[in-house]
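Reviewing the structure listed below.
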Amino acid sequence: VHLIPVNPIREDGLNPKTRKRIMPDLLTEPPAIDPVYEAHVYCNIPTVAERSMEGHAPHYFKLVSVQVLIRHGDRYPLYAIPKTKRPDIDCMLLPSRKPSHLQLEAFIKHMSKGSAAQMDGSLSSLPRYPSHSLCEMGELTQTGVVQHLRNGQLLRDIYINKHKLLPSDWAAKQLYLETTGKSRTLQSALALLYTFLPDFDWKKINMRHQWSTIFCSGSCDCPMRNHYLEEEQRRQYSLRVKNNDLEKIYVDMAKIVGIPTRQLRASNPIDSLLCYFCHNVSFPCTKTGCISMEHFKVIKRHQLEDERERQEKKLYFLYSLLATHPLLNQTVNRLQRLAEGKKEEVFVLYSAHDVTLSPVLSALGITEARFPRFAARLVFELWQDAKKPKEHFIRILYNGADVTFQTSFCKDHYKRSSKPMCPLEKFVHFVKRDVFLVFNSTSYYDACRRRPL
């Protein structure tokens, strides 16, 4: 177990004797890459209650704002393995079926009354919850809904019940909600929102549509971002070609399903196999044989090795800085307005994809973070020091773990400060200035157009 010394402060301001606090998470992670263990983490099957560090601050700090970026919950695959039967998974919501949630039935009823909500563009034509007896490609599953009902419940317990972030008569302008145009992201946002603000008034809901998966809004024209992405894709291809074990596995699987190896690779089999794995369904079989756990392990292990090399080679990092700058800039501008005393957009929810969260984590310098699991959440908290009201701080949390001091802009701050947070101005400087120094530029426009030396 972790033994962490803490200095509790008594009400009279004196430090009592240092005590040891035992954190309840056991160090049980395997030392080497274990593809099966990592796949279980990725599935994020709702079982035991999760420990989280959200909302932790000294008693004299006041919570000002919370911004949450989520990945949608568990979904049906986006790709099918050719010539195999699709995984038999039901996307109807049944409160009696596991995994379930105490609020699932109430959620279904509330979603059926949602016609009064303001939904941007094509969002209004999307279903508010999954409802097919055989899931459609990419559809949110009951597991995915339950994952976000749990996220919303956890955030409510901390931010509403404990910190009173929103009053019971909250106004529409205190929320900012944005999602991509996929049913799985809209439904994930609504599931989280339902347990965060139970039985919310639909008239106060204004869901904005974001057409870009990197949430670049009106700042998407960035040639150098595309250049670094292409270079990163070349790196991925090169690593794959060098992996003889992976090639053998693809050849073997292609024989089983009776298609050319190239076609099997193009069908992205890991996406489909993860669905079988997460739902405890047997991998597909044909007359020639069955896809096995060994096939799955080799492909998953390569995926994990690819992530590790991606961190080392820095191409993805450069892509990430340019890809996520518009979203991070929007976040910083909002935090600055709130620090100046504005009361709008106190709770922000962006409902997105792995290709949204992953570059944000990379851009922030959080290199230890795992690839975003289903229903991953990245939270930005803004705090005010009540003793010095002009001083504001941020905390950044990933799946409940405080990663503030893993960020590139605040990694050394905790050595010099007694406060368990990062000064807001460090985040502002990073987004407004330091990001561009990497590209020998002074603005986003210039960084997007300056070729590397």
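Ligands are numbered from 1 in the order shown, residues from 1 within each chain, and chains are lettered A, B, ... in the order they appear in the structure tokens.
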Strand (DSSP E or B) per DSSP on the backbone: members of stretch 2-191 of chain A, as a VMD selection string: chain A and resid 3 to 6 19 to 22 61 to 71 75 118 to 119 140 175 to 180
Residue set, stretch 400-442 of chain A restricted to alpha helix (DSSP H), as a PyMOL selection string: chain A and resi 413-416+424-429+435-437
Dump N, CA, C and O atoms for the selected residues as a compact mmCIF listing (two decimals), in the first residue's frame?
```
# COMPACT_ATOMS: atom_id res chain seq x y z
N HIS A 413 6.05 22.86 -9.57
CA HIS A 413 5.48 23.88 -8.67
C HIS A 413 5.30 23.36 -7.24
O HIS A 413 5.55 24.08 -6.27
N TYR A 414 4.88 22.08 -7.11
CA TYR A 414 4.56 21.57 -5.77
C TYR A 414 5.80 21.53 -4.87
O TYR A 414 5.69 21.55 -3.65
N LYS A 415 7.02 21.50 -5.47
CA LYS A 415 8.24 21.48 -4.66
C LYS A 415 8.45 22.82 -3.94
O LYS A 415 9.11 22.89 -2.92
N ARG A 416 7.87 23.89 -4.52
CA ARG A 416 8.08 25.22 -3.96
C ARG A 416 6.86 25.77 -3.23
O ARG A 416 6.91 26.86 -2.70
N LEU A 424 -3.44 29.54 -11.53
CA LEU A 424 -4.13 29.65 -12.82
C LEU A 424 -3.22 30.28 -13.87
O LEU A 424 -3.22 29.86 -15.03
N GLU A 425 -2.41 31.27 -13.46
CA GLU A 425 -1.59 31.97 -14.47
C GLU A 425 -0.58 31.04 -15.14
O GLU A 425 -0.18 31.28 -16.29
N LYS A 426 -0.17 29.97 -14.47
CA LYS A 426 0.76 29.02 -15.11
C LYS A 426 0.08 28.33 -16.30
O LYS A 426 0.69 28.11 -17.35
N PHE A 427 -1.18 27.96 -16.12
CA PHE A 427 -1.96 27.33 -17.20
C PHE A 427 -2.19 28.34 -18.32
O PHE A 427 -2.06 28.02 -19.50
N VAL A 428 -2.52 29.58 -17.94
CA VAL A 428 -2.76 30.64 -18.94
C VAL A 428 -1.49 30.87 -19.77
O VAL A 428 -1.55 30.90 -21.01
N HIS A 429 -0.34 30.98 -19.10
CA HIS A 429 0.93 31.21 -19.83
C HIS A 429 1.24 30.06 -20.77
O HIS A 429 1.72 30.25 -21.88
N VAL A 435 3.05 27.10 -25.58
CA VAL A 435 2.72 26.16 -26.67
C VAL A 435 3.43 26.58 -27.96
O VAL A 435 3.97 25.75 -28.69
N PHE A 436 3.47 27.89 -28.22
CA PHE A 436 4.01 28.37 -29.50
C PHE A 436 5.54 28.36 -29.52
O PHE A 436 6.15 28.28 -30.58
N LEU A 437 6.18 28.44 -28.34
CA LEU A 437 7.65 28.44 -28.28
C LEU A 437 8.21 27.17 -28.90
O LEU A 437 9.26 27.18 -29.53
```
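Every protein, DNA or RNA residue with an atom at most 6 Å from A:Cys448, where only C-alpha atoms count and chain neighbours fewer than 6 positions away do not, is listed here: A:Cys222, A:Pro223, A:Met224.
Restricting the calculation to only C-alpha atoms, the smallest distance between A:Glu344 and any of A:Leu166, A:Tyr316, A:Ala106, A:Tyr228 is found for A:Leu166.
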Distance query A:His148 at most 9 Å, only C-alpha atoms, self and fewer than 6 positions along chain excluded, as number ranges by chain: A: 72-73, 188-193, 195, 375
Selection near stretch 272-284 of chain A, 10 Å with only C-alpha atoms, sequence-local residues under 3 positions removed, as a CSV table (one decimal) with C-alpha atoms, in the first residue's frame:
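Everything below was put into part_39.csv:
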```csv
chain,number,residue,atom,x,y,z
A,36,VAL,CA,-5.4,-8.8,-20.7
A,39,ALA,CA,-7.9,-4.5,-21.8
A,40,HIS,CA,-9.9,-4.9,-18.5
A,41,VAL,CA,-8.9,-1.4,-17.5
A,42,TYR,CA,-10.0,-0.1,-20.9
A,43,CYS,CA,-13.4,-1.8,-20.7
A,44,ASN,CA,-14.1,0.0,-17.4
A,45,ILE,CA,-16.9,-2.5,-16.4
A,74,ASP,CA,-18.9,1.5,-23.9
A,75,ARG,CA,-20.1,1.1,-27.5
A,76,TYR,CA,-20.7,-1.5,-30.1
A,77,PRO,CA,-17.8,-1.8,-32.6
A,78,LEU,CA,-17.3,0.7,-35.4
A,79,TYR,CA,-15.9,-2.1,-37.6
A,80,ALA,CA,-16.9,-5.6,-38.3
A,81,ILE,CA,-14.5,-8.5,-38.9
A,83,LYS,CA,-17.2,-13.1,-42.8
A,84,THR,CA,-17.9,-13.5,-39.1
A,85,LYS,CA,-21.1,-13.1,-37.1
A,86,ARG,CA,-21.4,-9.8,-35.4
A,87,PRO,CA,-21.2,-9.9,-31.5
A,88,ASP,CA,-24.7,-10.6,-30.2
A,89,ILE,CA,-25.2,-7.6,-27.9
A,143,THR,CA,-22.9,-0.6,-20.0
A,256,ILE,CA,-9.5,-18.5,-40.3
A,257,VAL,CA,-12.0,-15.9,-41.8
A,267,SER,CA,-11.1,-3.9,-40.8
A,268,ASN,CA,-9.3,-2.9,-37.5
A,269,PRO,CA,-10.0,-6.2,-35.8
A,289,GLY,CA,-11.2,-22.4,-36.8
A,290,CYS,CA,-11.7,-19.8,-34.1
A,291,ILE,CA,-10.1,-16.4,-33.3
A,292,SER,CA,-8.5,-17.0,-29.9
A,293,MET,CA,-7.3,-15.1,-26.8
A,295,HIS,CA,-4.6,-13.6,-31.3
A,296,PHE,CA,-6.2,-10.9,-29.1
A,299,ILE,CA,-2.7,-7.4,-31.2
A,300,LYS,CA,-3.4,-5.7,-27.9
```
